[in-house]
file structure_22.cif (mmCIF, C-alpha atoms)
data_final
loop_
_atom_site.label_atom_id
_atom_site.label_comp_id
_atom_site.auth_asym_id
_atom_site.auth_seq_id
_atom_site.Cartn_x
_atom_site.Cartn_y
_atom_site.Cartn_z
CA MET A 251 -6.65 3.33 39.99
CA GLU A 252 -3.80 5.55 38.82
CA LYS A 253 -3.70 5.96 35.05
CA LYS A 254 -0.64 4.52 33.32
CA TYR A 255 0.50 5.07 29.77
CA LEU A 256 2.66 3.18 27.31
CA THR A 257 3.15 2.90 23.58
CA ILE A 258 3.60 -0.13 21.36
CA VAL A 259 5.44 0.11 18.04
CA PHE A 260 5.17 -2.94 15.79
CA ASP A 261 8.18 -3.69 13.61
CA ASP A 262 8.34 -4.93 10.01
CA GLY A 263 5.16 -3.48 8.55
CA PRO A 264 3.45 -3.04 6.21
CA ARG A 265 2.30 -6.62 5.89
CA GLU A 266 -0.60 -8.79 6.98
CA PRO A 267 -2.31 -8.64 9.44
CA MET A 268 -1.54 -4.93 9.98
CA CYS A 269 -5.03 -3.59 9.26
CA GLU A 270 -6.62 -6.19 11.53
CA MET A 271 -4.26 -5.13 14.33
CA ILE A 272 -5.26 -1.51 13.82
CA ASP A 273 -8.93 -2.44 14.15
CA LYS A 274 -8.28 -4.23 17.44
CA PHE A 275 -6.63 -1.12 18.89
CA LYS A 276 -9.49 1.05 17.68
CA LYS A 277 -11.97 -1.21 19.49
CA TYR A 278 -10.48 -0.11 22.83
CA GLY A 279 -9.87 3.50 21.88
CA PHE A 280 -6.12 2.84 21.78
CA ARG A 281 -3.50 3.89 19.24
CA ALA A 282 0.01 2.64 18.49
CA GLY A 283 2.80 2.84 15.93
CA PHE A 284 4.29 0.79 13.11
CA ALA A 285 7.99 0.68 12.26
CA ILE A 286 8.08 0.39 8.49
CA TYR A 287 10.49 -1.92 6.67
CA GLY A 288 11.01 -0.29 3.30
CA ASN A 289 11.24 -3.51 1.28
CA ASN A 290 7.68 -4.30 2.35
CA ILE A 291 6.26 -1.16 0.75
CA ASN A 292 4.62 -1.81 -2.60
CA ASP A 293 1.35 -1.28 -4.44
CA GLY A 294 -0.21 -4.18 -2.55
CA THR A 295 0.67 -2.83 0.90
CA GLU A 296 0.24 0.90 0.35
CA HIS A 297 -3.35 0.74 1.65
CA MET A 298 -2.01 -0.49 5.03
CA LEU A 299 0.14 2.62 5.40
CA ARG A 300 -2.79 4.83 4.48
CA TYR A 301 -5.15 3.00 6.84
CA ALA A 302 -2.70 3.42 9.73
CA ALA A 303 -2.13 7.13 9.08
CA ASP A 304 -5.82 7.88 8.49
CA ASN A 305 -6.68 6.28 11.85
CA GLY A 306 -4.12 8.21 13.86
CA PHE A 307 -1.36 5.61 14.11
CA THR A 308 2.31 6.60 13.91
CA LEU A 309 4.60 5.49 11.09
CA VAL A 310 8.28 5.05 11.92
CA THR A 311 11.27 4.28 9.69
CA HIS A 312 12.77 0.84 10.34
CA SER A 313 15.30 0.98 7.44
CA GLN A 314 15.02 -0.19 3.86
CA THR A 315 16.69 -3.62 4.02
CA HIS A 316 16.86 -4.35 7.79
CA PRO A 317 20.68 -4.41 8.13
CA HIS A 318 22.93 -3.98 11.14
CA LEU A 319 23.29 -0.24 10.67
CA GLU A 320 26.50 -0.03 12.71
CA ASN A 321 28.30 -2.01 9.97
CA LEU A 322 27.48 0.56 7.27
CA THR A 323 29.05 3.79 6.07
CA LYS A 324 27.50 7.11 6.97
CA GLN A 325 25.96 7.45 3.50
CA GLU A 326 24.59 3.92 3.61
CA ILE A 327 23.00 4.58 7.01
CA PHE A 328 21.45 7.77 5.63
CA ASP A 329 20.06 5.89 2.62
CA GLU A 330 18.68 3.05 4.76
CA LEU A 331 16.80 5.39 7.09
CA THR A 332 15.51 7.82 4.48
CA ALA A 333 14.38 5.39 1.76
CA PRO A 334 11.22 4.30 3.66
CA MET A 335 10.60 7.89 4.75
CA ASN A 336 10.69 9.11 1.16
CA GLU A 337 8.50 6.29 -0.12
CA ILE A 338 5.89 6.85 2.59
CA LYS A 339 5.86 10.57 1.84
CA LYS A 340 5.48 9.94 -1.89
CA ARG A 341 2.71 7.40 -1.53
CA ILE A 342 0.50 8.85 1.22
CA GLY A 343 1.92 12.29 2.05
CA TYR A 344 2.94 11.32 5.60
CA THR A 345 6.10 12.80 7.13
CA VAL A 346 8.03 10.30 9.25
CA LYS A 347 9.67 11.83 12.32
CA MET A 348 10.77 8.77 14.30
CA ALA A 349 12.98 5.72 13.85
CA ARG A 350 13.61 2.31 15.32
CA PHE A 351 16.87 0.63 14.39
CA PRO A 352 16.86 -3.00 13.21
CA TYR A 353 18.11 -5.44 15.85
CA ASN A 354 18.28 -2.59 18.37
CA SER A 355 21.85 -2.08 17.14
CA TYR A 356 23.70 1.19 16.57
CA ASN A 357 26.92 3.09 17.18
CA ASP A 358 27.97 6.74 17.31
CA THR A 359 27.82 7.08 13.52
CA VAL A 360 24.26 5.77 13.40
CA LEU A 361 23.27 8.23 16.13
CA GLU A 362 25.00 11.07 14.28
CA VAL A 363 23.10 10.34 11.08
CA SER A 364 19.74 9.94 12.78
CA LYS A 365 20.26 13.20 14.65
CA SER A 366 21.02 14.99 11.38
CA LEU A 367 17.63 13.75 10.18
CA ASN A 368 15.91 15.03 13.35
CA LEU A 369 14.61 11.54 14.12
CA VAL A 370 13.32 10.60 17.57
CA LEU A 371 14.68 7.14 18.42
CA LEU A 372 12.29 4.55 19.81
CA GLY A 373 13.82 1.69 21.76
CA HIS A 374 12.85 -1.64 23.30
CA GLY A 375 11.84 -0.67 26.82
CA MET A 376 9.13 -3.30 26.84
CA TYR A 377 10.25 -6.17 24.65
CA CYS A 378 8.45 -9.33 23.63
CA GLY A 379 11.06 -11.48 21.95
CA ALA A 380 8.61 -14.34 21.55
CA ASP A 381 6.43 -12.47 19.08
CA SER A 382 9.19 -12.31 16.47
CA ARG A 383 9.29 -16.12 16.30
CA PRO A 384 6.57 -17.78 14.16
CA GLU A 385 6.45 -20.80 16.45
CA SER A 386 5.44 -18.73 19.49
CA SER A 387 1.82 -19.15 20.50
CA ALA A 388 -0.52 -16.23 21.07
CA GLU A 389 -0.71 -17.29 24.73
CA THR A 390 3.07 -17.11 25.15
CA ILE A 391 3.24 -13.73 23.45
CA ALA A 392 0.47 -12.33 25.63
CA ALA A 393 2.03 -13.62 28.85
CA GLU A 394 5.48 -12.25 28.01
CA THR A 395 4.10 -8.88 26.99
CA LEU A 396 1.89 -8.42 30.03
CA LYS A 397 4.73 -9.41 32.36
CA SER A 398 6.90 -6.52 31.15
CA ALA A 399 4.21 -3.82 30.92
CA CYS A 400 5.10 -0.65 32.81
CA ASP A 401 4.26 3.03 32.76
CA GLY A 402 6.13 5.10 30.18
CA ALA A 403 7.44 2.10 28.25
CA ILE A 404 8.10 2.03 24.53
CA ALA A 405 7.23 -1.54 23.60
CA CYS A 406 8.69 -3.42 20.65
CA MET A 407 6.49 -6.03 19.01
CA HIS A 408 6.07 -7.27 15.44
CA VAL A 409 3.42 -7.46 12.74
CA MET A 410 2.83 -11.21 12.98
CA PRO A 411 -0.31 -13.41 12.89
CA ASN A 412 0.06 -14.76 16.44
CA THR A 413 0.86 -11.29 17.76
CA CYS A 414 -2.41 -10.15 16.26
CA LYS A 415 -4.20 -13.00 18.05
CA ALA A 416 -2.42 -12.14 21.30
CA LEU A 417 -3.86 -8.62 21.18
CA ASP A 418 -7.25 -10.11 22.08
CA THR A 419 -5.75 -10.87 25.50
CA ILE A 420 -3.21 -8.06 25.81
CA LEU A 421 -5.40 -5.05 25.08
CA PRO A 422 -8.33 -5.73 27.44
CA GLU A 423 -5.98 -6.86 30.21
CA LEU A 424 -3.87 -3.70 29.97
CA LYS A 425 -7.06 -1.65 30.00
CA ASN A 426 -8.18 -3.51 33.14
CA ARG A 427 -4.83 -2.72 34.75
CA GLY A 428 -5.35 1.00 34.20
CA PHE A 429 -3.16 1.40 31.12
CA GLU A 430 -3.92 3.51 28.11
CA ILE A 431 -1.98 2.67 24.95
CA VAL A 432 -1.15 5.77 22.92
CA THR A 433 1.07 6.76 20.01
CA PRO A 434 4.70 7.66 20.75
CA GLU A 435 3.98 11.34 20.11
CA ARG A 436 1.08 11.31 22.53
CA LEU A 437 3.18 9.58 25.18
CA PHE A 438 5.77 12.37 25.03
CA GLU A 439 2.97 14.92 25.24
CA ILE A 440 1.31 13.26 28.24
CA LYS A 441 4.64 13.14 30.07
CA GLY A 442 5.21 16.84 29.42
CA ILE A 443 8.34 16.47 27.29
CA ASP A 444 8.51 19.42 24.92
CA LYS A 445 12.10 18.96 23.72
CA ILE A 446 12.86 15.34 22.90
CA PRO A 447 16.57 14.38 22.80
CA LEU A 448 17.49 13.21 19.30
CA ASP A 449 20.69 11.29 20.01
CA VAL A 450 19.28 8.98 22.69
CA TYR A 451 17.66 5.59 22.09
CA ILE A 452 14.62 5.98 24.34
CA ASN A 453 13.33 2.82 26.03
CA ASN A 454 11.09 4.44 28.64
CA ILE A 455 9.81 7.99 28.60
CA ASN A 456 10.24 8.28 32.36
CA ASP A 457 14.02 7.93 31.93
CA ILE A 458 14.28 11.33 30.22
CA ILE A 459 11.89 13.35 32.36
#

call {"tool": "encode", "arguments": {"input": "structure_22.cif", "output": "structure tokens"}}
result
Amino acid sequence: MEKKYLTIVFDDGPREPMCEMIDKFKKYGFRAGFAIYGNNINDGTEHMLRYAADNGFTLVTHSQTHPHLENLTKQEIFDELTAPMNEIKKRIGYTVKMARFPYNSYNDTVLEVSKSLNLVLLGHGMYCGADSRPESSAETIAAETLKSACDGAIACMHVMPNTCKALDTILPELKNRGFEIVTPERLFEIKGIDKIPLDVYINNINDII
């Protein structure tokens, strides 16, 4: 079976059950990423950031207050993207190099600011809308995620209790299908991309090869 690779980045961390999700990935030898919502960073969640970084998971800026960035001024966009980056650096010494925009929304000004920060932009190439809704069952989340799985995809999911439960189905099934789930950095490396475009919202790595 031909090996396939994808990455999953979970939005809106750090919050419960982030550490449990990390442990489920580790069970299969997989790694992933977490897009960090700055307002969720505090003394009670700092250990989640550290646990992710210490176990080889990627941390991504997801803005400070989760706004529609395209409605903000250039300075406000800069502040939204950098506030979580600075707090993560201060708390655990980790340098954030990637971003995912809230609501998958942006304009030329947002791209200009993110490029000035040298941020790689992670999109929604494999999207599970169900997992952002508390009423969605783990079974629904798993089915929707597995249906859209494809090689090179950057998946968007969320740090949610039923998403965590759905991983018990998603991870072994993807492994059975010949997928390996890796961090975004590792996915670029595997695909042989040395110079990553900084002003492109990347949904699938294969689109930029």

call {"tool": "resolve_selection", "arguments": {"input": "structure_22.cif", "expression": "the PyMOL selection byres ((chain A and resi 289) around 10)", "output": "NGL selection string"}}
result
:A and (262-264 or 286-288 or 290-292 or 313-316 or 333-334)

call {"tool": "write_last_selection", "arguments": {"input": "structure_22.cif", "atoms": "C-alpha atoms", "output": "PDB file, keeping the file's coordinate frame"}}
result
ATOM      1  CA  ASP A 262       8.340  -4.930  10.010  1.00  0.00           C
ATOM      2  CA  GLY A 263       5.160  -3.480   8.550  1.00  0.00           C
ATOM      3  CA  PRO A 264       3.450  -3.040   6.210  1.00  0.00           C
ATOM      4  CA  ILE A 286       8.080   0.390   8.490  1.00  0.00           C
ATOM      5  CA  TYR A 287      10.490  -1.920   6.670  1.00  0.00           C
ATOM      6  CA  GLY A 288      11.010  -0.290   3.300  1.00  0.00           C
ATOM      7  CA  ASN A 290       7.680  -4.300   2.350  1.00  0.00           C
ATOM      8  CA  ILE A 291       6.260  -1.160   0.750  1.00  0.00           C
ATOM      9  CA  ASN A 292       4.620  -1.810  -2.600  1.00  0.00           C
ATOM     10  CA  SER A 313      15.300   0.980   7.440  1.00  0.00           C
ATOM     11  CA  GLN A 314      15.020  -0.190   3.860  1.00  0.00           C
ATOM     12  CA  THR A 315      16.690  -3.620   4.020  1.00  0.00           C
ATOM     13  CA  HIS A 316      16.860  -4.350   7.790  1.00  0.00           C
ATOM     14  CA  ALA A 333      14.380   5.390   1.760  1.00  0.00           C
ATOM     15  CA  PRO A 334      11.220   4.300   3.660  1.00  0.00           C
TER      16      PRO A 334
END

call {"tool": "residues_around", "arguments": {"input": "structure_22.cif", "residues": "Ala285 of chain A", "least_positions_apart": "5", "cutoff": "10 Å", "atoms": "all atoms listed in the file", "output": "PyMOL selection string"}}
result
chain A and resi 259-264+308-313+334+348-352+372+406-409

call {"tool": "resolve_selection", "arguments": {"input": "structure_22.cif", "expression": "the PyMOL selection byres ((chain A and resi 364-368) around 9)", "output": "PyMOL selection string"}}
result
chain A and resi 327-328+331-332+347-349+359-363+369-371+448-449

call {"tool": "resolve_selection", "arguments": {"input": "structure_22.cif", "expression": "the PyMOL selection byres ((chain A and resi 403) around 12)", "output": "ChimeraX atom specification"}}
result
/A:254-259,372-377,395,398-402,404-406,429-434,437-438,441,452-458

call {"tool": "closest_residue", "arguments": {"input": "structure_22.cif", "among": "A:Lys324, A:Ala380, A:Asp329, A:Asn426", "to": "Met251 of chain A", "atoms": "only C-alpha atoms"}}
result
A:Asn426

call {"tool": "closest_residue", "arguments": {"input": "structure_22.cif", "among": "A:Cys414, A:Arg265, A:His318, A:Gly379", "to": "Glu330 of chain A", "atoms": "all atoms listed in the file"}}
result
A:His318

call {"tool": "atom_distance", "arguments": {"input": "structure_22.cif", "atom1": "atom CA of Arg341 of chain A", "atom2": "atom CA of Asp304 of chain A"}}
result
13.2 Å

call {"tool": "residues_around", "arguments": {"input": "structure_22.cif", "residues": "Asp418 of chain A", "least_positions_apart": "2", "cutoff": "10 Å", "atoms": "all atoms listed in the file", "output": "list in words"}}
result
Met271, Lys274, Phe275, Ala388, Ala392, Thr413, Cys414, Lys415, Ala416, Ile420, Leu421, Pro422 and Glu423 of chain A

call {"tool": "closest_residue", "arguments": {"input": "structure_22.cif", "among": "A:Pro447, A:Gly343, A:Pro267, A:Gly306", "to": "Phe280 of chain A", "atoms": "only C-alpha atoms"}}
result
A:Gly306

call {"tool": "closest_residue", "arguments": {"input": "structure_22.cif", "among": "A:Arg427, A:Asn305, A:Glu389, A:Thr345", "to": "Lys277 of chain A", "atoms": "only C-alpha atoms"}}
result
A:Asn305

call {"tool": "atom_distance", "arguments": {"input": "structure_22.cif", "atom1": "atom CA of Arg300 of chain A", "atom2": "atom CA of Cys378 of chain A"}}
result
26.3 Å

call {"tool": "closest_residue", "arguments": {"input": "structure_22.cif", "among": "A:Asn354, A:Lys397, A:Met335, A:Met298", "to": "Leu319 of chain A", "atoms": "all atoms listed in the file"}}
result
A:Asn354

call {"tool": "build_atoms", "arguments": {"input": "structure_22.cif", "residues": "segment 320-331 of chain A", "atoms": "N, CA, C and O atoms", "output": "PDB file, keeping the file's coordinate frame"}}
result
ATOM      1  N   GLU A 320      25.170  -0.393  12.217  1.00  0.00           N
ATOM      2  CA  GLU A 320      26.500  -0.030  12.710  1.00  0.00           C
ATOM      3  C   GLU A 320      27.615  -0.557  11.809  1.00  0.00           C
ATOM      4  O   GLU A 320      28.774  -0.133  11.921  1.00  0.00           O
ATOM      5  N   ASN A 321      27.294  -1.461  10.887  1.00  0.00           N
ATOM      6  CA  ASN A 321      28.300  -2.010   9.970  1.00  0.00           C
ATOM      7  C   ASN A 321      28.389  -1.224   8.660  1.00  0.00           C
ATOM      8  O   ASN A 321      29.198  -1.575   7.788  1.00  0.00           O
ATOM      9  N   LEU A 322      27.560  -0.180   8.529  1.00  0.00           N
ATOM     10  CA  LEU A 322      27.480   0.560   7.270  1.00  0.00           C
ATOM     11  C   LEU A 322      28.225   1.884   7.331  1.00  0.00           C
ATOM     12  O   LEU A 322      28.557   2.394   8.401  1.00  0.00           O
ATOM     13  N   THR A 323      28.471   2.450   6.145  1.00  0.00           N
ATOM     14  CA  THR A 323      29.050   3.790   6.070  1.00  0.00           C
ATOM     15  C   THR A 323      27.986   4.832   6.416  1.00  0.00           C
ATOM     16  O   THR A 323      26.776   4.534   6.431  1.00  0.00           O
ATOM     17  N   LYS A 324      28.433   6.037   6.629  1.00  0.00           N
ATOM     18  CA  LYS A 324      27.500   7.110   6.970  1.00  0.00           C
ATOM     19  C   LYS A 324      26.458   7.307   5.864  1.00  0.00           C
ATOM     20  O   LYS A 324      25.266   7.468   6.137  1.00  0.00           O
ATOM     21  N   GLN A 325      26.903   7.275   4.609  1.00  0.00           N
ATOM     22  CA  GLN A 325      25.960   7.450   3.500  1.00  0.00           C
ATOM     23  C   GLN A 325      24.987   6.291   3.414  1.00  0.00           C
ATOM     24  O   GLN A 325      23.790   6.484   3.160  1.00  0.00           O
ATOM     25  N   GLU A 326      25.470   5.085   3.649  1.00  0.00           N
ATOM     26  CA  GLU A 326      24.590   3.920   3.610  1.00  0.00           C
ATOM     27  C   GLU A 326      23.547   3.969   4.722  1.00  0.00           C
ATOM     28  O   GLU A 326      22.378   3.609   4.512  1.00  0.00           O
ATOM     29  N   ILE A 327      23.948   4.420   5.899  1.00  0.00           N
ATOM     30  CA  ILE A 327      23.000   4.580   7.010  1.00  0.00           C
ATOM     31  C   ILE A 327      21.926   5.596   6.629  1.00  0.00           C
ATOM     32  O   ILE A 327      20.726   5.364   6.834  1.00  0.00           O
ATOM     33  N   PHE A 328      22.375   6.716   6.079  1.00  0.00           N
ATOM     34  CA  PHE A 328      21.450   7.770   5.630  1.00  0.00           C
ATOM     35  C   PHE A 328      20.437   7.192   4.639  1.00  0.00           C
ATOM     36  O   PHE A 328      19.229   7.415   4.759  1.00  0.00           O
ATOM     37  N   ASP A 329      20.935   6.448   3.657  1.00  0.00           N
ATOM     38  CA  ASP A 329      20.060   5.890   2.620  1.00  0.00           C
ATOM     39  C   ASP A 329      19.075   4.883   3.216  1.00  0.00           C
ATOM     40  O   ASP A 329      17.894   4.856   2.827  1.00  0.00           O
ATOM     41  N   GLU A 330      19.547   4.054   4.142  1.00  0.00           N
ATOM     42  CA  GLU A 330      18.680   3.050   4.760  1.00  0.00           C
ATOM     43  C   GLU A 330      17.530   3.696   5.529  1.00  0.00           C
ATOM     44  O   GLU A 330      16.387   3.250   5.467  1.00  0.00           O
ATOM     45  N   LEU A 331      17.832   4.749   6.271  1.00  0.00           N
ATOM     46  CA  LEU A 331      16.800   5.390   7.090  1.00  0.00           C
ATOM     47  C   LEU A 331      15.834   6.232   6.261  1.00  0.00           C
ATOM     48  O   LEU A 331      14.636   6.289   6.554  1.00  0.00           O
TER      49      LEU A 331
END
